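Below: structure_19.pdb (PDB, C-alpha atoms)
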ATOM      1  CA  MET P 156       0.734 -19.190 -48.915  1.00  0.00           C
ATOM      2  CA  ILE P 157      -1.487 -21.656 -47.052  1.00  0.00           C
ATOM      3  CA  ARG P 158       1.296 -22.253 -44.556  1.00  0.00           C
ATOM      4  CA  SER P 159       1.654 -18.507 -43.832  1.00  0.00           C
ATOM      5  CA  VAL P 160      -2.136 -18.110 -43.408  1.00  0.00           C
ATOM      6  CA  ALA P 161      -2.200 -21.109 -41.065  1.00  0.00           C
ATOM      7  CA  ALA P 162       0.700 -19.630 -39.083  1.00  0.00           C
ATOM      8  CA  ALA P 163      -1.113 -16.299 -38.810  1.00  0.00           C
ATOM      9  CA  VAL P 164      -4.316 -18.008 -37.627  1.00  0.00           C
ATOM     10  CA  LEU P 165      -2.348 -20.023 -35.077  1.00  0.00           C
ATOM     11  CA  ALA P 166      -0.580 -16.884 -33.831  1.00  0.00           C
ATOM     12  CA  LEU P 167      -3.922 -15.100 -33.400  1.00  0.00           C
ATOM     13  CA  ALA P 168      -5.378 -18.090 -31.559  1.00  0.00           C
ATOM     14  CA  LEU P 169      -2.429 -18.155 -29.176  1.00  0.00           C
ATOM     15  CA  MET P 170      -2.756 -14.417 -28.575  1.00  0.00           C
ATOM     16  CA  ALA P 171      -6.516 -14.594 -27.926  1.00  0.00           C
ATOM     17  CA  PRO P 172      -6.217 -14.783 -24.123  1.00  0.00           C
ATOM     18  CA  ALA P 173      -3.991 -11.699 -24.145  1.00  0.00           C
ATOM     19  CA  LEU P 174      -6.389  -9.865 -26.446  1.00  0.00           C
ATOM     20  CA  SER P 175      -9.542 -10.791 -24.549  1.00  0.00           C
ATOM     21  CA  ALA P 176     -11.463  -7.940 -23.026  1.00  0.00           C
ATOM     22  CA  ALA P 177     -11.961  -7.491 -19.341  1.00  0.00           C
ATOM     23  CA  ALA P 178     -15.217  -8.596 -17.788  1.00  0.00           C
ATOM     24  CA  PRO P 179     -17.706  -5.729 -17.726  1.00  0.00           C
ATOM     25  CA  ALA P 180     -17.885  -3.923 -14.417  1.00  0.00           C
ATOM     26  CA  PRO P 181     -21.121  -4.272 -12.513  1.00  0.00           C
ATOM     27  CA  LYS P 182     -23.364  -1.232 -12.317  1.00  0.00           C
ATOM     28  CA  VAL P 183     -23.023   0.154  -8.806  1.00  0.00           C
ATOM     29  CA  ALA P 184     -26.412   1.214  -7.473  1.00  0.00           C
ATOM     30  CA  ILE P 185     -25.129   4.269  -5.604  1.00  0.00           C
ATOM     31  CA  ASP P 186     -23.706   7.437  -7.117  1.00  0.00           C
ATOM     32  CA  SER P 187     -21.941   8.774  -4.047  1.00  0.00           C
ATOM     33  CA  PHE P 188     -20.007   7.395  -1.105  1.00  0.00           C
ATOM     34  CA  ALA P 189     -22.345   9.427   1.109  1.00  0.00           C
ATOM     35  CA  GLU P 190     -24.882   6.694   0.352  1.00  0.00           C
ATOM     36  CA  LEU P 191     -22.724   3.974   1.951  1.00  0.00           C
ATOM     37  CA  GLN P 192     -24.003   2.380   5.106  1.00  0.00           C
ATOM     38  CA  THR P 193     -22.342   3.853   8.175  1.00  0.00           C
ATOM     39  CA  PRO P 194     -20.384   3.422  10.244  1.00  0.00           C
ATOM     40  CA  LEU P 195     -17.790   2.398   7.694  1.00  0.00           C
ATOM     41  CA  PRO P 196     -16.052  -0.907   8.495  1.00  0.00           C
ATOM     42  CA  TYR P 197     -12.677  -1.250  10.172  1.00  0.00           C
ATOM     43  CA  PRO P 198     -11.681  -4.024   7.781  1.00  0.00           C
ATOM     44  CA  TYR P 199      -8.068  -4.805   8.664  1.00  0.00           C
ATOM     45  CA  ASP P 200      -7.237  -7.419  11.289  1.00  0.00           C
ATOM     46  CA  GLU P 201      -4.255  -5.821  12.990  1.00  0.00           C
ATOM     47  CA  ALA P 202      -3.306  -9.100  14.720  1.00  0.00           C
ATOM     48  CA  ALA P 203      -3.502 -11.336  11.632  1.00  0.00           C
ATOM     49  CA  ASN P 204      -0.526 -13.265  10.319  1.00  0.00           C
ATOM     50  CA  ALA P 205      -0.312 -11.561   6.917  1.00  0.00           C
ATOM     51  CA  ASP P 206       2.048 -14.110   5.374  1.00  0.00           C
ATOM     52  CA  ALA P 207      -0.272 -16.999   6.250  1.00  0.00           C
ATOM     53  CA  ALA P 208      -3.391 -15.096   5.139  1.00  0.00           C
ATOM     54  CA  VAL P 209      -1.870 -14.227   1.758  1.00  0.00           C
ATOM     55  CA  ALA P 210      -0.615 -17.795   1.260  1.00  0.00           C
ATOM     56  CA  ARG P 211      -4.092 -19.217   1.985  1.00  0.00           C
ATOM     57  CA  ALA P 212      -5.768 -16.682  -0.317  1.00  0.00           C
ATOM     58  CA  LYS P 213      -3.246 -17.370  -3.096  1.00  0.00           C
ATOM     59  CA  ALA P 214      -3.863 -21.125  -2.849  1.00  0.00           C
ATOM     60  CA  ARG P 215      -7.651 -20.603  -3.001  1.00  0.00           C
ATOM     61  CA  ALA P 216      -7.301 -18.198  -5.948  1.00  0.00           C
ATOM     62  CA  LYS P 217      -5.174 -20.689  -7.837  1.00  0.00           C
ATOM     63  CA  ALA P 218      -7.556 -23.590  -7.135  1.00  0.00           C
ATOM     64  CA  GLU P 219     -10.617 -21.523  -8.094  1.00  0.00           C
ATOM     65  CA  HIS P 220      -9.004 -19.967 -11.210  1.00  0.00           C
ATOM     66  CA  LYS P 221      -9.370 -16.440  -9.855  1.00  0.00           C
ATOM     67  CA  LEU P 222      -7.012 -13.526  -9.437  1.00  0.00           C
ATOM     68  CA  LEU P 223      -5.525 -12.742  -6.049  1.00  0.00           C
ATOM     69  CA  LEU P 224      -6.436  -9.269  -4.788  1.00  0.00           C
ATOM     70  CA  VAL P 225      -4.280  -8.088  -1.889  1.00  0.00           C
ATOM     71  CA  ASP P 226      -5.719  -4.977  -0.239  1.00  0.00           C
ATOM     72  CA  LEU P 227      -2.965  -3.207   1.715  1.00  0.00           C
ATOM     73  CA  GLY P 228      -4.177  -0.553   4.133  1.00  0.00           C
ATOM     74  CA  GLY P 229      -5.014   0.436   7.652  1.00  0.00           C
ATOM     75  CA  ASN P 230      -8.090   1.061   9.761  1.00  0.00           C
ATOM     76  CA  TRP P 231      -6.934   4.680  10.222  1.00  0.00           C
ATOM     77  CA  CYS P 232      -7.306   5.281   6.463  1.00  0.00           C
ATOM     78  CA  GLY P 233     -10.628   6.747   5.358  1.00  0.00           C
ATOM     79  CA  ASP P 234     -10.053   5.809   1.710  1.00  0.00           C
ATOM     80  CA  CYS P 235      -9.362   2.197   2.748  1.00  0.00           C
ATOM     81  CA  ARG P 236     -12.618   2.063   4.681  1.00  0.00           C
ATOM     82  CA  ILE P 237     -14.545   3.608   1.766  1.00  0.00           C
ATOM     83  CA  LEU P 238     -13.050   1.065  -0.636  1.00  0.00           C
ATOM     84  CA  LYS P 239     -14.014  -1.871   1.595  1.00  0.00           C
ATOM     85  CA  ALA P 240     -17.534  -0.538   2.202  1.00  0.00           C
ATOM     86  CA  THR P 241     -17.956  -0.109  -1.565  1.00  0.00           C
ATOM     87  CA  MET P 242     -16.666  -3.634  -2.242  1.00  0.00           C
ATOM     88  CA  ASP P 243     -19.208  -4.875   0.329  1.00  0.00           C
ATOM     89  CA  ARG P 244     -22.107  -3.504  -1.764  1.00  0.00           C
ATOM     90  CA  PRO P 245     -24.027  -6.557  -3.035  1.00  0.00           C
ATOM     91  CA  GLU P 246     -23.498  -5.857  -6.736  1.00  0.00           C
ATOM     92  CA  LEU P 247     -19.751  -5.295  -6.358  1.00  0.00           C
ATOM     93  CA  LYS P 248     -19.257  -8.054  -3.776  1.00  0.00           C
ATOM     94  CA  ALA P 249     -20.716 -10.601  -6.203  1.00  0.00           C
ATOM     95  CA  PHE P 250     -18.341  -9.372  -8.919  1.00  0.00           C
ATOM     96  CA  VAL P 251     -15.289  -9.450  -6.634  1.00  0.00           C
ATOM     97  CA  ASP P 252     -16.223 -12.917  -5.335  1.00  0.00           C
ATOM     98  CA  ARG P 253     -16.582 -14.195  -8.912  1.00  0.00           C
ATOM     99  CA  HIS P 254     -13.217 -12.885 -10.153  1.00  0.00           C
ATOM    100  CA  TYR P 255     -10.949 -12.447  -7.138  1.00  0.00           C
ATOM    101  CA  GLN P 256      -9.802 -14.034  -3.943  1.00  0.00           C
ATOM    102  CA  LEU P 257      -9.554 -11.013  -1.654  1.00  0.00           C
ATOM    103  CA  VAL P 258      -7.206 -10.751   1.305  1.00  0.00           C
ATOM    104  CA  LEU P 259      -6.813  -7.669   3.475  1.00  0.00           C
ATOM    105  CA  VAL P 260      -3.400  -6.878   4.958  1.00  0.00           C
ATOM    106  CA  ASP P 261      -2.861  -4.303   7.676  1.00  0.00           C
ATOM    107  CA  ILE P 262       0.302  -2.313   6.995  1.00  0.00           C
ATOM    108  CA  GLY P 263       0.095  -0.262  10.164  1.00  0.00           C
ATOM    109  CA  ARG P 264       1.429   3.218   9.513  1.00  0.00           C
ATOM    110  CA  TYR P 265       3.579   1.964   6.629  1.00  0.00           C
ATOM    111  CA  ASP P 266       5.662   0.017   9.140  1.00  0.00           C
ATOM    112  CA  LYS P 267       4.125  -3.459   9.180  1.00  0.00           C
ATOM    113  CA  ASN P 268       3.792  -6.416   6.786  1.00  0.00           C
ATOM    114  CA  LEU P 269       5.831  -4.651   4.105  1.00  0.00           C
ATOM    115  CA  GLN P 270       7.285  -8.013   3.088  1.00  0.00           C
ATOM    116  CA  ILE P 271       4.025  -8.607   1.209  1.00  0.00           C
ATOM    117  CA  PRO P 272       4.472  -5.797  -1.363  1.00  0.00           C
ATOM    118  CA  ALA P 273       8.254  -6.434  -1.345  1.00  0.00           C
ATOM    119  CA  HIS P 274       7.584  -9.978  -2.574  1.00  0.00           C
ATOM    120  CA  TYR P 275       6.113  -8.386  -5.712  1.00  0.00           C
ATOM    121  CA  GLY P 276       8.994  -5.968  -6.227  1.00  0.00           C
ATOM    122  CA  ILE P 277       7.570  -2.977  -4.343  1.00  0.00           C
ATOM    123  CA  THR P 278      10.404  -2.100  -2.013  1.00  0.00           C
ATOM    124  CA  ASP P 279      10.024   1.683  -1.948  1.00  0.00           C
ATOM    125  CA  ARG P 280       7.520   3.253   0.392  1.00  0.00           C
ATOM    126  CA  LEU P 281       3.985   2.793  -0.914  1.00  0.00           C
ATOM    127  CA  GLU P 282       2.675   5.949  -2.566  1.00  0.00           C
ATOM    128  CA  GLY P 283      -0.504   5.666  -0.537  1.00  0.00           C
ATOM    129  CA  VAL P 284      -3.222   3.350   0.643  1.00  0.00           C
ATOM    130  CA  PRO P 285      -5.345   1.585  -0.133  1.00  0.00           C
ATOM    131  CA  ALA P 286      -2.824  -0.148  -2.316  1.00  0.00           C
ATOM    132  CA  LEU P 287      -4.192  -3.069  -4.293  1.00  0.00           C
ATOM    133  CA  LEU P 288      -1.981  -5.830  -5.606  1.00  0.00           C
ATOM    134  CA  VAL P 289      -3.631  -7.722  -8.459  1.00  0.00           C
ATOM    135  CA  VAL P 290      -1.722 -10.992  -8.750  1.00  0.00           C
ATOM    136  CA  ASP P 291      -1.939 -13.949 -11.114  1.00  0.00           C
ATOM    137  CA  PRO P 292      -1.705 -16.772  -8.555  1.00  0.00           C
ATOM    138  CA  ARG P 293      -0.479 -19.291 -11.132  1.00  0.00           C
ATOM    139  CA  SER P 294       2.649 -17.314 -12.000  1.00  0.00           C
ATOM    140  CA  ASP P 295       2.753 -15.233  -8.776  1.00  0.00           C
ATOM    141  CA  LYS P 296       3.225 -12.156 -10.977  1.00  0.00           C
ATOM    142  CA  LEU P 297       1.932  -8.687 -10.141  1.00  0.00           C
ATOM    143  CA  LEU P 298      -0.444  -7.539 -12.890  1.00  0.00           C
ATOM    144  CA  ASP P 299      -0.986  -3.921 -11.832  1.00  0.00           C
ATOM    145  CA  GLY P 300       2.616  -2.862 -11.295  1.00  0.00           C
ATOM    146  CA  GLY P 301       2.967   0.908 -11.260  1.00  0.00           C
ATOM    147  CA  ARG P 302      -0.722   1.301 -10.451  1.00  0.00           C
ATOM    148  CA  VAL P 303      -1.062  -0.343  -7.049  1.00  0.00           C
ATOM    149  CA  SER P 304      -1.838   2.969  -5.318  1.00  0.00           C
ATOM    150  CA  ALA P 305      -4.317   4.161  -7.964  1.00  0.00           C
ATOM    151  CA  LEU P 306      -7.132   4.069  -5.407  1.00  0.00           C
ATOM    152  CA  GLU P 307      -5.293   5.946  -2.662  1.00  0.00           C
ATOM    153  CA  ASP P 308      -7.669   8.852  -3.173  1.00  0.00           C
ATOM    154  CA  ALA P 309     -10.770   6.669  -3.428  1.00  0.00           C
ATOM    155  CA  ARG P 310     -13.018   9.209  -1.742  1.00  0.00           C
ATOM    156  CA  HIS P 311     -12.595  11.549  -4.714  1.00  0.00           C
ATOM    157  CA  MET P 312     -13.677   8.870  -7.184  1.00  0.00           C
ATOM    158  CA  THR P 313     -17.163   7.550  -7.722  1.00  0.00           C
ATOM    159  CA  PRO P 314     -18.366   4.128  -6.626  1.00  0.00           C
ATOM    160  CA  GLN P 315     -18.661   3.207 -10.309  1.00  0.00           C
ATOM    161  CA  ALA P 316     -15.049   4.281 -10.970  1.00  0.00           C
ATOM    162  CA  LEU P 317     -13.900   1.875  -8.237  1.00  0.00           C
ATOM    163  CA  ALA P 318     -15.889  -0.936  -9.867  1.00  0.00           C
ATOM    164  CA  ASP P 319     -14.438  -0.055 -13.274  1.00  0.00           C
ATOM    165  CA  TRP P 320     -10.892  -0.134 -11.864  1.00  0.00           C
ATOM    166  CA  LEU P 321     -11.448  -3.598 -10.395  1.00  0.00           C
ATOM    167  CA  ALA P 322     -12.997  -4.873 -13.627  1.00  0.00           C
ATOM    168  CA  GLN P 323     -10.080  -3.929 -15.858  1.00  0.00           C
ATOM    169  CA  TRP P 324      -7.933  -6.838 -14.610  1.00  0.00           C
ATOM    170  CA  THR P 325     -10.538  -9.579 -15.127  1.00  0.00           C
ATOM    171  CA  HIS P 326     -11.284 -11.730 -18.171  1.00  0.00           C
TER     172      HIS P 326
END
Can you present the structure in this file as structure tokens?
Amino acid sequence: MIRSVAAAVLALALMAPALSAAAPAPKVAIDSFAELQTPLPYPYDEAANADAAVARAKARAKAEHKLLLVDLGGNWCGDCRILKATMDRPELKAFVDRHYQLVLVDIGRYDKNLQIPAHYGITDRLEGVPALLVVDPRSDKLLDGGRVSALEDARHMTPQALADWLAQWTH
């Protein structure tokens, strides 16, 4: 009996990281994207070496015990620009900086740097952008598989909904 109770306690202790709740999302001080500072940023460096940028960000994320957040998009994409402007809000920026190492990757018009999502098993055309890859840098595993394009229609969400989406992957 004691042995089975001890085994159950040990099993629960080992499962604790998997059962832990996500960090609470910060309260975003704006209710509408119309309140974002304009002009919206053009956040993607179209000349950047995406492979090198992702490798550097992954190494920093691993060293700092953070998640890697790969933002795939393009400067032509209004939803991508809204997402970045929202993540630049002080309350959300502090949260992202605490939990993620962010790297932005320009995918052109779905014709550039597609080796980045392919590395994580996404070989079909992206459903839309922004597409966010949430990656555990220690295992190099994609955590949000099947939901990477959840923010492709960011402009029809609220700023708080974007913060809530980002928070769900953290611990």
Output the residue selection produced by the PyMOL selection byres ((chain P and resi 225-237) around 10) on the file above, formatted as a ChimeraX atom specification.
/P:188-189,191,194-201,208-209,212-213,222-224,238-243,255-265,268-269,271-272,281,283-290,303-304,306-311,314
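As for atom CA of P:Pro181 and atom CA of P:Val251, they are spaced 9.8 Å apart.
Comparing the minimum interatomic distances between P:Ser294 and each of P:Glu190, P:Val183, P:Tyr275, P:Trp324, counting all atoms listed in the file, we find that P:Tyr275 sits nearest.
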For the file shown, what are the residues hit by the PyMOL selection byres ((chain P and resi 323) around 8), laid out as a ChimeraX atom specification?
/P:177-178,180,319-322,324-325
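In this model, the gap between atom CA of P:Pro179 and atom CA of P:Asp295 comes to 24.3 Å.
From atom CA of P:Asp252 back to atom CA of P:Lys217, the distance works out to 13.7 Å.
Closest approach to P:His274 from the set P:Lys296, P:Lys248, P:His220, P:His254 is made by P:Lys296, with distances taken over only C-alpha atoms.
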